[in-house]
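Q: Below is a structure I'd like to ask you about.
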Amino acid sequence: MLAESLLTLAALAGRTVVDAAVSDGWDTAERGYAQLLGRGDADQAQLAERWLEETHKQLADGGGADMEMIRTALAGRWAGRCADLLEENPGAEAELRALVQEIQAALHASGHEACADDDMSSYAAGPEHPGALATRSELAYSAGQAGDAAAARDQFAALLPVAERVLGPEHPDTLATRASLAYWTGQAGDAAAARDQFAALLPVAERVLGPEHPDTVINRHNLANFTGYAGDAAAARDQFAALLRVRERVFGADSPDTVVARFNLAYWTGRAGAAAAARDQLATLLPIRERMYGPDHPDTLAAREEFAYWTGCAGAAAARDQFAALLPSYEEVLGPEHPETLAVWYQLAHWTALAADEAAIQD
């Protein structure tokens, strides 16, 4: 694992790429990063150039409400690439630091200094500066979003004691780090540990942030889910039933957060053994998702799939027909070989066979 100072440098380098992409200093950044990532290999340098061109196009052409989310995602992606560079080539640290300083000096000179001064001062102040902790958190989150949950877990585990020492154990950012550690622990395969971590965090969050603070509510949501994944579906169902009332009061009955809670309530209701109740809950939820997202949105398809499954638990023939109607949508939206499409194929075959068996028994 990289040292704290190198993780901070990688995160800063990733944000510098994003800042430079919409400035007059892009040519310098593009040339410098391509050369640094190429490490003398023409093919690797060409690949880096293509990545840089894609980033520049996404940011130069972008706008609207999603732009900040795109900037954050791209910064995390570049931070990961720079972290890989530093891990594979320890001698590249001085070159990367010099490149970041050169680009940020150019950004400052041209008036693009939104985060250049803060980031450089954070890095200069050392790996325990609050700004450096924030960039480390971004890098860890980006690792998880890129598919490496174990790396995200390990990075948040290393970050937590530093945050506790620098910010204090009950600082909101420290609590957010604890929540991230718990989440990525669960995503890495240890649902029981994630459940226990969220259970320990929740009363602190309720006291420090308040019981209806958005972060507290998200912690309750994750506690309920990981409780179910750890093997207690009935407890997860009960927790989501209580959480749903909070979400409806705080966010509104038709907010996306409330709709997600309703879906999870139905999911764990069925897995707790109440197939008919899960079916009925999903029957009520499905038209809401269709209205909010459209009939072929992945979230709508997921609700249709769950509805068909629990319908099957109460009558195989009906499930067969619903999966048959659902399959073309999955093939069109996700493709015929996507794992979720193949799962629908399996369910269709399963319920078709059961329906045939039931018909044979009746005959």
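Letters for chains follow the order of the structure tokens (A, B, ...), residue numbers begin at 1 for each chain, and ligand numbers begin at 1 in the order shown.
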Using DSSP on the backbone coordinates, identify the residues of range 151-181 of chain A assigned to helix (DSSP H, G or I); present them as a PDB file with C-alpha atoms, in the first residue's frame.

A:
ATOM      1  CA  ALA A 151      -8.706  -1.472  -1.720  1.00  0.00           C
ATOM      2  CA  ALA A 152     -11.312   1.109  -0.708  1.00  0.00           C
ATOM      3  CA  ARG A 153     -11.835  -0.706   2.594  1.00  0.00           C
ATOM      4  CA  ASP A 154      -8.110  -0.820   3.313  1.00  0.00           C
ATOM      5  CA  GLN A 155      -7.591   2.834   2.416  1.00  0.00           C
ATOM      6  CA  PHE A 156     -10.451   3.966   4.653  1.00  0.00           C
ATOM      7  CA  ALA A 157      -9.146   1.715   7.442  1.00  0.00           C
ATOM      8  CA  ALA A 158      -5.774   3.466   7.196  1.00  0.00           C
ATOM      9  CA  LEU A 159      -7.415   6.890   7.004  1.00  0.00           C
ATOM     10  CA  LEU A 160      -9.730   6.491  10.003  1.00  0.00           C
ATOM     11  CA  PRO A 161      -7.179   6.663  12.850  1.00  0.00           C
ATOM     12  CA  VAL A 162      -5.587   9.711  11.228  1.00  0.00           C
ATOM     13  CA  ALA A 163      -8.977  11.439  10.949  1.00  0.00           C
ATOM     14  CA  GLU A 164      -9.779  10.566  14.556  1.00  0.00           C
ATOM     15  CA  ARG A 165      -6.479  12.013  15.733  1.00  0.00           C
ATOM     16  CA  VAL A 166      -6.507  15.146  13.542  1.00  0.00           C
ATOM     17  CA  PRO A 172     -18.631  14.868  10.871  1.00  0.00           C
ATOM     18  CA  ASP A 173     -15.800  14.018   8.444  1.00  0.00           C
ATOM     19  CA  THR A 174     -14.536  11.334  10.829  1.00  0.00           C
ATOM     20  CA  LEU A 175     -18.038   9.881  11.054  1.00  0.00           C
ATOM     21  CA  ALA A 176     -18.225   9.921   7.247  1.00  0.00           C
ATOM     22  CA  THR A 177     -14.933   8.010   7.125  1.00  0.00           C
ATOM     23  CA  ARG A 178     -16.323   5.432   9.566  1.00  0.00           C
ATOM     24  CA  ALA A 179     -19.412   5.074   7.382  1.00  0.00           C
ATOM     25  CA  SER A 180     -17.278   4.622   4.263  1.00  0.00           C
ATOM     26  CA  LEU A 181     -15.120   2.003   5.984  1.00  0.00           C
TER      27      LEU A 181
END

Q: Compile the contact shell of range 199-211 of chain A as a list in words: residues with an atom at most 7 Å away, counting only C-alpha atoms, same-chain residues fewer than 5 positions apart removed.

A: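 Listed by chain and then number, they are Thr216, Asn219, Arg220 and Leu223 of chain A.
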
Q: Skipping near chain neighbours, those fewer than 5 positions away, what residues fall within 9 Å of Ala324 in chain A using only C-alpha atoms, listed as an mmCIF file with N, CA and C atoms, in the first residue's frame?

A:
data_model
loop_
_atom_site.group_PDB
_atom_site.id
_atom_site.type_symbol
_atom_site.label_atom_id
_atom_site.label_comp_id
_atom_site.auth_asym_id
_atom_site.auth_seq_id
_atom_site.Cartn_x
_atom_site.Cartn_y
_atom_site.Cartn_z
ATOM 1 N N ALA A 319 -45.719 -16.088 -12.965
ATOM 2 C CA ALA A 319 -44.311 -15.695 -13.004
ATOM 3 C C ALA A 319 -43.719 -15.959 -14.376
ATOM 4 N N VAL A 344 -32.473 -13.374 -15.923
ATOM 5 C CA VAL A 344 -33.890 -13.394 -16.284
ATOM 6 C C VAL A 344 -34.203 -14.612 -17.148
ATOM 7 N N TRP A 345 -33.292 -14.952 -18.044
ATOM 8 C CA TRP A 345 -33.440 -16.189 -18.833
ATOM 9 C C TRP A 345 -33.604 -17.392 -17.906
ATOM 10 N N LEU A 348 -36.981 -17.368 -16.223
ATOM 11 C CA LEU A 348 -38.029 -17.760 -17.170
ATOM 12 C C LEU A 348 -38.055 -19.276 -17.339
#

Q: Name all residues at most 10 Å from Gly228 in chain A (count only C-alpha atoms; drop same-chain ones fewer than 2 positions away) and give them as a list of chain:residue names.

A: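 Residues near the query, excluding close chain neighbours: A:Ala191, A:Ala192, A:Arg195, A:Asn222, A:Leu223, A:Ala224, A:Asn225, A:Phe226, A:Ala230, A:Gly231, A:Asp232, A:Ala233, A:Ala234, A:Ala235, A:Ala236, A:Arg237, A:Gln239, A:Tyr267, A:Trp268, A:Arg271, A:Ala272.
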
Q: Now that the selection is made, can you save its residues with N, CA and C atoms as an mmCIF file, in the first residue's frame?

A:
data_model
loop_
_atom_site.group_PDB
_atom_site.id
_atom_site.type_symbol
_atom_site.label_atom_id
_atom_site.label_comp_id
_atom_site.auth_asym_id
_atom_site.auth_seq_id
_atom_site.Cartn_x
_atom_site.Cartn_y
_atom_site.Cartn_z
ATOM 1 N N ALA A 191 -20.363 -8.913 5.257
ATOM 2 C CA ALA A 191 -21.599 -8.227 5.629
ATOM 3 C C ALA A 191 -21.756 -8.118 7.142
ATOM 4 N N ALA A 192 -21.347 -9.152 7.881
ATOM 5 C CA ALA A 192 -21.502 -9.133 9.334
ATOM 6 C C ALA A 192 -20.654 -8.027 9.956
ATOM 7 N N ARG A 195 -22.294 -4.725 9.177
ATOM 8 C CA ARG A 195 -23.457 -4.548 10.071
ATOM 9 C C ARG A 195 -23.014 -4.055 11.447
ATOM 10 N N ASN A 222 -27.980 1.575 5.334
ATOM 11 C CA ASN A 222 -26.913 0.592 5.152
ATOM 12 C C ASN A 222 -26.910 -0.448 6.261
ATOM 13 N N LEU A 223 -27.209 -0.031 7.488
ATOM 14 C CA LEU A 223 -27.302 -0.998 8.580
ATOM 15 C C LEU A 223 -28.383 -2.033 8.277
ATOM 16 N N ALA A 224 -29.530 -1.585 7.793
ATOM 17 C CA ALA A 224 -30.613 -2.516 7.482
ATOM 18 C C ALA A 224 -30.207 -3.486 6.381
ATOM 19 N N ASN A 225 -29.607 -2.971 5.325
ATOM 20 C CA ASN A 225 -29.212 -3.848 4.226
ATOM 21 C C ASN A 225 -28.180 -4.883 4.664
ATOM 22 N N PHE A 226 -27.137 -4.434 5.364
ATOM 23 C CA PHE A 226 -26.090 -5.387 5.744
ATOM 24 C C PHE A 226 -26.565 -6.336 6.832
ATOM 25 N N ALA A 230 -26.223 -10.231 6.136
ATOM 26 C CA ALA A 230 -25.539 -11.063 7.133
ATOM 27 C C ALA A 230 -26.407 -12.229 7.594
ATOM 28 N N GLY A 231 -27.653 -12.305 7.112
ATOM 29 C CA GLY A 231 -28.462 -13.486 7.376
ATOM 30 C C GLY A 231 -29.744 -13.260 8.151
ATOM 31 N N ASP A 232 -30.053 -12.024 8.545
ATOM 32 C CA ASP A 232 -31.262 -11.775 9.328
ATOM 33 C C ASP A 232 -32.237 -10.941 8.507
ATOM 34 N N ALA A 233 -32.962 -11.614 7.602
ATOM 35 C CA ALA A 233 -33.879 -10.914 6.704
ATOM 36 C C ALA A 233 -35.022 -10.259 7.472
ATOM 37 N N ALA A 234 -35.507 -10.906 8.526
ATOM 38 C CA ALA A 234 -36.628 -10.342 9.282
ATOM 39 C C ALA A 234 -36.231 -9.039 9.961
ATOM 40 N N ALA A 235 -35.022 -8.993 10.523
ATOM 41 C CA ALA A 235 -34.559 -7.746 11.144
ATOM 42 C C ALA A 235 -34.392 -6.655 10.100
ATOM 43 N N ALA A 236 -33.863 -7.020 8.920
ATOM 44 C CA ALA A 236 -33.719 -6.039 7.845
ATOM 45 C C ALA A 236 -35.078 -5.498 7.432
ATOM 46 N N ARG A 237 -36.046 -6.371 7.314
ATOM 47 C CA ARG A 237 -37.419 -5.947 6.969
ATOM 48 C C ARG A 237 -37.949 -4.948 7.990
ATOM 49 N N GLN A 239 -36.291 -3.062 10.087
ATOM 50 C CA GLN A 239 -35.532 -1.813 10.057
ATOM 51 C C GLN A 239 -35.948 -0.946 8.876
ATOM 52 N N TYR A 267 -38.052 -6.211 -0.792
ATOM 53 C CA TYR A 267 -37.012 -7.226 -1.002
ATOM 54 C C TYR A 267 -36.822 -8.075 0.252
ATOM 55 N N TRP A 268 -36.661 -7.410 1.400
ATOM 56 C CA TRP A 268 -36.394 -8.174 2.634
ATOM 57 C C TRP A 268 -37.676 -8.781 3.207
ATOM 58 N N ARG A 271 -37.786 -12.091 1.450
ATOM 59 C CA ARG A 271 -36.744 -13.005 1.929
ATOM 60 C C ARG A 271 -36.925 -13.393 3.388
ATOM 61 N N ALA A 272 -37.799 -12.675 4.073
ATOM 62 C CA ALA A 272 -38.151 -13.080 5.432
ATOM 63 C C ALA A 272 -39.287 -14.090 5.447
#
